[in-house]
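What follows is a single structure, written as structure tokens, with notes after it.
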Amino acid sequence: MAALNGRLPLIAGNWKMNLDHLQAIAFVQKLAWSLKDARHDFTTVEVAVFPPFTDLRSVQTLIAADKLPIVFGGQDVSAHDSGAYTGEISGAFLSALECSYVIIGHSERRTLHNETDEQVAAKVSAALKHNLVPIICVGETAEDLEKHGPSAVPVAQLRAALAGVDTAADIVVAYEPVWAIGSGQAATPEQAEQVAAQLRSVLAELLGQDVAGKTRILYGGSVKANNIAGFMREPNVDGALVGGASLDLTEFANIVRYQKHVGV
């Protein structure tokens, strides 16, 4: 059952470089049990985890064998299908592992690995080619915020990322203000909504109203169980890309269950 706007809320846990494959198996099992015990309805809130590449086969096997209603994806993808690209992971590999999603353009990739808007666009095209739903990350630094205002940089990043995308594409957009990630200081729901509304306008302009209406926009940046409901009350925020809190089983389960433990 989707939300009133027709968009199924998505709570996605980005584990970053944490948890080996054995820890990943234990975590996903416990998460599934915890949510089942709490009678979480997965048709009202979709739950996704993004383990390191070395964990994906283990997570896939567990979820398939136990028929767990959790989906998963990769933290990055190569713009290339195959070839002499040491250390890179093809979209074909992720698709063969039954990944549903892949995170693209995360601020840590942009800053630590110097990913450009053009590279992000190429990765989005690669993901779509291999039937992966890209979660396109956009966001501004504190410096950007002061210089350009709250939405200029995310809007420009999204425009660039959508360069090769057509109106048939299934995508997700994640607004992650860089100044909020890992800081403990989240954006306010009003700030998140302001930018999300601008991003949806870009989607409508470039891909049409139908795509804009069905595309989910997530907020990410110091999301916690005690602030998620505020974001989810906003009309253009359809979920969260959770970082550090996704490694805390109880906290993440409570974020997923925001409709029950806080209400909206």
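Ordering of the structure tokens sets the chain letters (A, B, ...), residue numbers begin anew at 1 in every chain, and ligands are numbered from 1 in the order given.
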
Just list the residues in stretch 5-198 of chain A DSSP gives strand (DSSP E or B) on the backbone, as a list in words.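 Selecting the strand (DSSP E or B) positions of stretch 5-198 of chain A gives Leu10, Ile11, Ala12, Gly13, Asn14, Glu46, Val47, Ala48, Val49, Phe50, Val71, Phe72, Gly73, Gly74, Tyr101, Val102, Ile103, Ile104, Val133, Pro134, Ile135, Ile136, Cys137, Val138, Val172, Val173, Ala174 and Tyr175 of chain A.
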
The selected residues should be written to file as a tab-separated table (two decimals), in the first residue's frame (atoms: N, CA and C atoms).
```
chain	number	residue	atom	x	y	z
A	10	LEU	N	10.37	4.65	1.38
A	10	LEU	CA	11.56	3.80	1.34
A	10	LEU	C	12.52	4.23	2.44
A	11	ILE	N	12.86	3.29	3.32
A	11	ILE	CA	13.89	3.52	4.33
A	11	ILE	C	15.09	2.67	3.94
A	12	ALA	N	16.20	3.33	3.61
A	12	ALA	CA	17.38	2.65	3.08
A	12	ALA	C	18.55	2.84	4.04
A	13	GLY	N	19.22	1.76	4.38
A	13	GLY	CA	20.36	1.81	5.29
A	13	GLY	C	21.68	1.65	4.55
A	14	ASN	N	22.46	2.72	4.50
A	14	ASN	CA	23.78	2.69	3.86
A	14	ASN	C	24.82	2.35	4.92
A	46	GLU	N	8.92	0.29	2.50
A	46	GLU	CA	9.94	-0.60	1.94
A	46	GLU	C	11.24	-0.44	2.72
A	47	VAL	N	11.92	-1.56	2.94
A	47	VAL	CA	13.17	-1.57	3.70
A	47	VAL	C	14.30	-2.09	2.82
A	48	ALA	N	15.37	-1.31	2.72
A	48	ALA	CA	16.52	-1.70	1.89
A	48	ALA	C	17.81	-1.52	2.68
A	49	VAL	N	18.76	-2.42	2.46
A	49	VAL	CA	20.09	-2.29	3.06
A	49	VAL	C	21.13	-2.27	1.96
A	50	PHE	N	22.22	-1.55	2.24
A	50	PHE	CA	23.30	-1.39	1.27
A	50	PHE	C	24.62	-1.79	1.92
A	71	VAL	N	14.93	-5.70	0.77
A	71	VAL	CA	15.66	-5.61	-0.48
A	71	VAL	C	17.05	-5.04	-0.21
A	72	PHE	N	17.92	-5.10	-1.21
A	72	PHE	CA	19.30	-4.68	-0.99
A	72	PHE	C	19.90	-4.13	-2.26
A	73	GLY	N	21.04	-3.46	-2.10
A	73	GLY	CA	21.69	-2.88	-3.27
A	73	GLY	C	23.15	-2.61	-3.02
A	74	GLY	N	23.83	-2.11	-4.05
A	74	GLY	CA	25.24	-1.78	-3.96
A	74	GLY	C	25.45	-0.33	-3.56
A	101	TYR	N	18.71	-1.97	-6.04
A	101	TYR	CA	19.12	-0.57	-6.07
A	101	TYR	C	20.65	-0.44	-6.12
A	102	VAL	N	21.10	0.76	-6.44
A	102	VAL	CA	22.51	1.11	-6.25
A	102	VAL	C	22.59	2.60	-5.93
A	103	ILE	N	23.42	2.92	-4.95
A	103	ILE	CA	23.64	4.32	-4.56
A	103	ILE	C	24.66	4.93	-5.53
A	104	ILE	N	24.35	6.10	-6.04
A	104	ILE	CA	25.25	6.77	-6.99
A	104	ILE	C	25.43	8.23	-6.58
A	133	VAL	N	17.80	0.23	-9.95
A	133	VAL	CA	17.24	1.54	-9.67
A	133	VAL	C	18.32	2.39	-9.01
A	134	PRO	N	18.76	3.47	-9.66
A	134	PRO	CA	19.78	4.30	-9.04
A	134	PRO	C	19.19	5.21	-7.96
A	135	ILE	N	19.85	5.24	-6.83
A	135	ILE	CA	19.52	6.25	-5.81
A	135	ILE	C	20.53	7.37	-6.00
A	136	ILE	N	20.09	8.43	-6.65
A	136	ILE	CA	20.98	9.52	-7.06
A	136	ILE	C	21.11	10.51	-5.90
A	137	CYS	N	22.32	10.61	-5.35
A	137	CYS	CA	22.55	11.48	-4.20
A	137	CYS	C	22.97	12.88	-4.64
A	138	VAL	N	22.35	13.86	-4.06
A	138	VAL	CA	22.70	15.26	-4.31
A	138	VAL	C	22.72	15.99	-2.98
A	172	VAL	N	15.39	6.96	-7.95
A	172	VAL	CA	15.14	7.55	-6.63
A	172	VAL	C	16.15	8.67	-6.47
A	173	VAL	N	15.75	9.75	-5.84
A	173	VAL	CA	16.66	10.86	-5.56
A	173	VAL	C	16.84	10.97	-4.05
A	174	ALA	N	18.06	11.15	-3.60
A	174	ALA	CA	18.33	11.33	-2.17
A	174	ALA	C	18.99	12.68	-1.94
A	175	TYR	N	18.31	13.54	-1.20
A	175	TYR	CA	18.89	14.83	-0.83
A	175	TYR	C	19.65	14.66	0.48
```

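Here the question is which of A:Ala169, A:Met17, A:Val256, A:Val155 gets nearest to A:Val124 using only C-alpha atoms, and that residue is A:Ala169.
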
Nearby residues (only C-alpha atoms) at most 9 Å from A:Ala225, same-chain spacing under 4 positions excluded, as a PDB file with C-alpha atoms, in the first residue's frame:
```pdb
ATOM      1  CA  ALA A 229       8.519  11.286  11.554  1.00  0.00           C
ATOM      2  CA  ALA A 245      21.896   4.880  12.530  1.00  0.00           C
ATOM      3  CA  GLU A 251      17.464   2.416  16.043  1.00  0.00           C
ATOM      4  CA  PHE A 252      17.110   1.399  12.406  1.00  0.00           C
ATOM      5  CA  ALA A 253      14.082  -0.804  13.114  1.00  0.00           C
ATOM      6  CA  ASN A 254      12.454   2.135  14.899  1.00  0.00           C
ATOM      7  CA  ILE A 255      13.176   4.403  11.939  1.00  0.00           C
ATOM      8  CA  VAL A 256      11.507   1.854   9.653  1.00  0.00           C
ATOM      9  CA  ARG A 257       8.518   1.747  12.019  1.00  0.00           C
ATOM     10  CA  TYR A 258       8.117   5.532  12.193  1.00  0.00           C
ATOM     11  CA  HIS A 261       6.097   4.462  17.286  1.00  0.00           C
ATOM     12  CA  VAL A 262       5.630   8.157  16.594  1.00  0.00           C
TER      13      VAL A 262
END
```

Within 10 Å of A:Val28 using only C-alpha atoms, minus same-chain residues under 3 positions, as an mmCIF file with N, CA and C atoms, in the first residue's frame:
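Everything below was put into out-v9.cif:
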```
data_model
loop_
_atom_site.group_PDB
_atom_site.id
_atom_site.type_symbol
_atom_site.label_atom_id
_atom_site.label_comp_id
_atom_site.auth_asym_id
_atom_site.auth_seq_id
_atom_site.Cartn_x
_atom_site.Cartn_y
_atom_site.Cartn_z
ATOM 1 N N GLN A 23 28.931 -10.675 9.828
ATOM 2 C CA GLN A 23 28.162 -9.673 10.582
ATOM 3 C C GLN A 23 26.925 -9.239 9.801
ATOM 4 N N ALA A 24 27.055 -9.183 8.486
ATOM 5 C CA ALA A 24 25.928 -8.781 7.642
ATOM 6 C C ALA A 24 24.793 -9.798 7.741
ATOM 7 N N ILE A 25 25.140 -11.079 7.711
ATOM 8 C CA ILE A 25 24.128 -12.130 7.823
ATOM 9 C C ILE A 25 23.383 -12.002 9.149
ATOM 10 N N LEU A 31 17.349 -8.023 11.960
ATOM 11 C CA LEU A 31 16.467 -6.948 11.505
ATOM 12 C C LEU A 31 15.124 -7.520 11.056
ATOM 13 N N ALA A 32 15.182 -8.586 10.275
ATOM 14 C CA ALA A 32 13.947 -9.219 9.791
ATOM 15 C C ALA A 32 13.107 -9.751 10.951
ATOM 16 N N TRP A 33 13.771 -10.400 11.907
ATOM 17 C CA TRP A 33 13.052 -10.930 13.072
ATOM 18 C C TRP A 33 12.424 -9.807 13.882
ATOM 19 N N SER A 34 13.201 -8.767 14.100
ATOM 20 C CA SER A 34 12.730 -7.630 14.895
ATOM 21 C C SER A 34 11.495 -6.993 14.265
ATOM 22 N N VAL A 49 18.758 -2.424 2.455
ATOM 23 C CA VAL A 49 20.087 -2.291 3.065
ATOM 24 C C VAL A 49 21.135 -2.267 1.956
ATOM 25 N N VAL A 59 24.242 -11.765 1.759
ATOM 26 C CA VAL A 59 22.931 -11.160 2.015
ATOM 27 C C VAL A 59 21.907 -11.690 1.017
ATOM 28 N N LEU A 62 20.902 -15.314 1.969
ATOM 29 C CA LEU A 62 20.049 -15.330 3.158
ATOM 30 C C LEU A 62 18.628 -14.888 2.825
ATOM 31 N N ILE A 63 18.510 -13.757 2.140
ATOM 32 C CA ILE A 63 17.193 -13.202 1.835
ATOM 33 C C ILE A 63 16.402 -14.147 0.933
ATOM 34 N N LEU A 68 12.988 -13.365 2.984
ATOM 35 C CA LEU A 68 12.843 -12.162 3.809
ATOM 36 C C LEU A 68 12.357 -10.992 2.949
ATOM 37 N N ILE A 70 13.045 -7.990 2.685
ATOM 38 C CA ILE A 70 13.995 -6.878 2.687
ATOM 39 C C ILE A 70 14.711 -6.874 1.337
ATOM 40 N N LEU A 249 20.778 -1.782 15.231
ATOM 41 C CA LEU A 249 19.602 -2.573 14.885
ATOM 42 C C LEU A 249 18.311 -1.968 15.432
#
```

Tell me, as a PyMOL selection string, which residues lie within 10 Å of stretch 141-147 of chain A, counting only C-alpha atoms; anything in the same chain fewer than 5 positions away does not count. chain A and resi 107+152-154+176-181

Keeping only N, CA and C atoms, write those residues as an mmCIF file, in the first residue's frame.
```
data_model
loop_
_atom_site.group_PDB
_atom_site.id
_atom_site.type_symbol
_atom_site.label_atom_id
_atom_site.label_comp_id
_atom_site.auth_asym_id
_atom_site.auth_seq_id
_atom_site.Cartn_x
_atom_site.Cartn_y
_atom_site.Cartn_z
ATOM 1 N N SER A 107 28.006 11.799 -1.387
ATOM 2 C CA SER A 107 28.964 12.892 -1.153
ATOM 3 C C SER A 107 30.358 12.373 -0.833
ATOM 4 N N ALA A 152 20.472 25.404 -4.844
ATOM 5 C CA ALA A 152 21.168 25.608 -6.123
ATOM 6 C C ALA A 152 22.077 24.433 -6.485
ATOM 7 N N VAL A 153 22.913 23.990 -5.556
ATOM 8 C CA VAL A 153 23.860 22.911 -5.851
ATOM 9 C C VAL A 153 23.140 21.575 -6.056
ATOM 10 N N PRO A 154 22.221 21.164 -5.162
ATOM 11 C CA PRO A 154 21.507 19.907 -5.410
ATOM 12 C C PRO A 154 20.751 19.899 -6.743
ATOM 13 N N GLU A 176 20.966 14.815 0.395
ATOM 14 C CA GLU A 176 21.823 14.683 1.575
ATOM 15 C C GLU A 176 22.676 15.935 1.726
ATOM 16 N N PRO A 177 22.227 16.876 2.544
ATOM 17 C CA PRO A 177 23.079 18.035 2.790
ATOM 18 C C PRO A 177 24.378 17.582 3.458
ATOM 19 N N VAL A 178 25.497 17.864 2.812
ATOM 20 C CA VAL A 178 26.791 17.356 3.287
ATOM 21 C C VAL A 178 27.068 17.847 4.702
ATOM 22 N N TRP A 179 26.599 19.056 5.004
ATOM 23 C CA TRP A 179 26.843 19.626 6.332
ATOM 24 C C TRP A 179 26.100 18.880 7.437
ATOM 25 N N ALA A 180 25.121 18.055 7.063
ATOM 26 C CA ALA A 180 24.349 17.322 8.070
ATOM 27 C C ALA A 180 24.829 15.888 8.263
ATOM 28 N N ILE A 181 25.557 15.332 7.269
ATOM 29 C CA ILE A 181 25.933 13.920 7.322
ATOM 30 C C ILE A 181 26.934 13.677 8.447
#
```

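Going from atom CA of A:Gly182 over to atom CA of A:Trp15, you cover 12.7 Å.
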
Residue contacts of A:Ala126 (12 Å, only C-alpha atoms) excluding same-chain residues fewer than 5 positions away, as a ChimeraX atom specification: /A:76-82,89-95,102,104,119-121,131-134,161,164-165

Which parts of stretch 91-255 of chain A does DSSP call alpha helix (DSSP H) when run on the backbone here, written out as a PyMOL selection string? chain A and resi 91-96+107-112+117-129+142-148+152-161+189-207+209-214+228-232+249-255

Requested write-out: C-alpha atoms of the selected residues, as a PDB file, in the first residue's frame:
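Result went into out-v7.pdb, see below:
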```pdb
ATOM      1  CA  GLY A  91      26.177  -3.147 -12.966  1.00  0.00           C
ATOM      2  CA  ALA A  92      25.929  -6.577 -14.585  1.00  0.00           C
ATOM      3  CA  PHE A  93      27.514  -8.098 -11.458  1.00  0.00           C
ATOM      4  CA  LEU A  94      25.067  -6.313  -9.144  1.00  0.00           C
ATOM      5  CA  SER A  95      22.124  -7.319 -11.303  1.00  0.00           C
ATOM      6  CA  ALA A  96      23.263 -10.963 -11.251  1.00  0.00           C
ATOM      7  CA  SER A 107      28.964  12.892  -1.153  1.00  0.00           C
ATOM      8  CA  GLU A 108      31.766  10.627   0.083  1.00  0.00           C
ATOM      9  CA  ARG A 109      32.321   9.406  -3.468  1.00  0.00           C
ATOM     10  CA  ARG A 110      32.234  12.957  -4.775  1.00  0.00           C
ATOM     11  CA  THR A 111      34.703  14.267  -2.190  1.00  0.00           C
ATOM     12  CA  LEU A 112      36.981  11.307  -1.372  1.00  0.00           C
ATOM     13  CA  ASP A 117      28.767  15.248 -12.240  1.00  0.00           C
ATOM     14  CA  GLU A 118      29.644  13.661 -15.593  1.00  0.00           C
ATOM     15  CA  GLN A 119      30.825  10.457 -13.920  1.00  0.00           C
ATOM     16  CA  VAL A 120      27.682  10.352 -11.822  1.00  0.00           C
ATOM     17  CA  ALA A 121      25.565  10.683 -14.991  1.00  0.00           C
ATOM     18  CA  ALA A 122      27.501   7.830 -16.649  1.00  0.00           C
ATOM     19  CA  LYS A 123      26.925   5.618 -13.593  1.00  0.00           C
ATOM     20  CA  VAL A 124      23.212   6.415 -13.576  1.00  0.00           C
ATOM     21  CA  SER A 125      23.019   5.313 -17.225  1.00  0.00           C
ATOM     22  CA  ALA A 126      24.971   2.140 -16.417  1.00  0.00           C
ATOM     23  CA  ALA A 127      22.637   1.295 -13.538  1.00  0.00           C
ATOM     24  CA  LEU A 128      19.527   1.736 -15.657  1.00  0.00           C
ATOM     25  CA  LYS A 129      21.071  -0.367 -18.441  1.00  0.00           C
ATOM     26  CA  ALA A 142      28.049  24.335   4.378  1.00  0.00           C
ATOM     27  CA  GLU A 143      30.156  26.537   2.103  1.00  0.00           C
ATOM     28  CA  ASP A 144      27.763  25.937  -0.817  1.00  0.00           C
ATOM     29  CA  LEU A 145      24.815  26.714   1.422  1.00  0.00           C
ATOM     30  CA  GLU A 146      26.253  30.049   2.446  1.00  0.00           C
ATOM     31  CA  LYS A 147      27.340  30.993  -1.071  1.00  0.00           C
ATOM     32  CA  HIS A 148      24.477  29.708  -3.238  1.00  0.00           C
ATOM     33  CA  ALA A 152      21.168  25.608  -6.123  1.00  0.00           C
ATOM     34  CA  VAL A 153      23.860  22.911  -5.851  1.00  0.00           C
ATOM     35  CA  PRO A 154      21.507  19.907  -5.410  1.00  0.00           C
ATOM     36  CA  VAL A 155      19.405  21.111  -8.360  1.00  0.00           C
ATOM     37  CA  ALA A 156      22.499  21.487 -10.574  1.00  0.00           C
ATOM     38  CA  GLN A 157      23.754  18.041  -9.543  1.00  0.00           C
ATOM     39  CA  LEU A 158      20.396  16.446 -10.341  1.00  0.00           C
ATOM     40  CA  ARG A 159      20.190  18.130 -13.738  1.00  0.00           C
ATOM     41  CA  ALA A 160      23.628  16.753 -14.592  1.00  0.00           C
ATOM     42  CA  ALA A 161      22.812  13.256 -13.303  1.00  0.00           C
ATOM     43  CA  PRO A 189      11.958  19.050   8.003  1.00  0.00           C
ATOM     44  CA  GLU A 190      11.151  22.436   6.464  1.00  0.00           C
ATOM     45  CA  GLN A 191      14.654  22.712   4.964  1.00  0.00           C
ATOM     46  CA  ALA A 192      14.412  19.173   3.565  1.00  0.00           C
ATOM     47  CA  GLU A 193      10.977  19.877   2.088  1.00  0.00           C
ATOM     48  CA  GLN A 194      12.114  23.112   0.466  1.00  0.00           C
ATOM     49  CA  VAL A 195      14.912  21.350  -1.419  1.00  0.00           C
ATOM     50  CA  ALA A 196      12.843  18.227  -2.161  1.00  0.00           C
ATOM     51  CA  ALA A 197      10.154  20.402  -3.756  1.00  0.00           C
ATOM     52  CA  GLN A 198      12.783  22.060  -5.970  1.00  0.00           C
ATOM     53  CA  LEU A 199      14.172  18.659  -6.965  1.00  0.00           C
ATOM     54  CA  ARG A 200      10.694  17.451  -7.887  1.00  0.00           C
ATOM     55  CA  SER A 201      10.264  20.534 -10.068  1.00  0.00           C
ATOM     56  CA  VAL A 202      13.459  19.576 -11.920  1.00  0.00           C
ATOM     57  CA  LEU A 203      12.138  16.052 -12.421  1.00  0.00           C
ATOM     58  CA  ALA A 204       8.909  17.458 -13.837  1.00  0.00           C
ATOM     59  CA  GLU A 205      10.786  19.807 -16.152  1.00  0.00           C
ATOM     60  CA  LEU A 206      13.187  17.179 -17.501  1.00  0.00           C
ATOM     61  CA  LEU A 207      11.183  13.943 -17.323  1.00  0.00           C
ATOM     62  CA  GLN A 209       4.903  15.372 -14.477  1.00  0.00           C
ATOM     63  CA  ASP A 210       4.136  11.644 -14.384  1.00  0.00           C
ATOM     64  CA  VAL A 211       7.726  10.701 -13.562  1.00  0.00           C
ATOM     65  CA  ALA A 212       8.026  13.560 -11.064  1.00  0.00           C
ATOM     66  CA  GLY A 213       4.863  12.402  -9.360  1.00  0.00           C
ATOM     67  CA  LYS A 214       5.986   8.814  -8.909  1.00  0.00           C
ATOM     68  CA  ILE A 228      12.252  10.670  11.065  1.00  0.00           C
ATOM     69  CA  ALA A 229       8.519  11.286  11.554  1.00  0.00           C
ATOM     70  CA  GLY A 230       9.018  15.029  11.115  1.00  0.00           C
ATOM     71  CA  PHE A 231      10.620  14.492   7.721  1.00  0.00           C
ATOM     72  CA  MET A 232       7.983  11.984   6.665  1.00  0.00           C
ATOM     73  CA  LEU A 249      19.602  -2.573  14.885  1.00  0.00           C
ATOM     74  CA  THR A 250      17.084  -1.117  17.334  1.00  0.00           C
ATOM     75  CA  GLU A 251      17.464   2.416  16.043  1.00  0.00           C
ATOM     76  CA  PHE A 252      17.110   1.399  12.406  1.00  0.00           C
ATOM     77  CA  ALA A 253      14.082  -0.804  13.114  1.00  0.00           C
ATOM     78  CA  ASN A 254      12.454   2.135  14.899  1.00  0.00           C
ATOM     79  CA  ILE A 255      13.176   4.403  11.939  1.00  0.00           C
TER      80      ILE A 255
END
```

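Between atom CA of A:Leu8 and atom CA of A:Val45 there is a distance of 6.3 Å.
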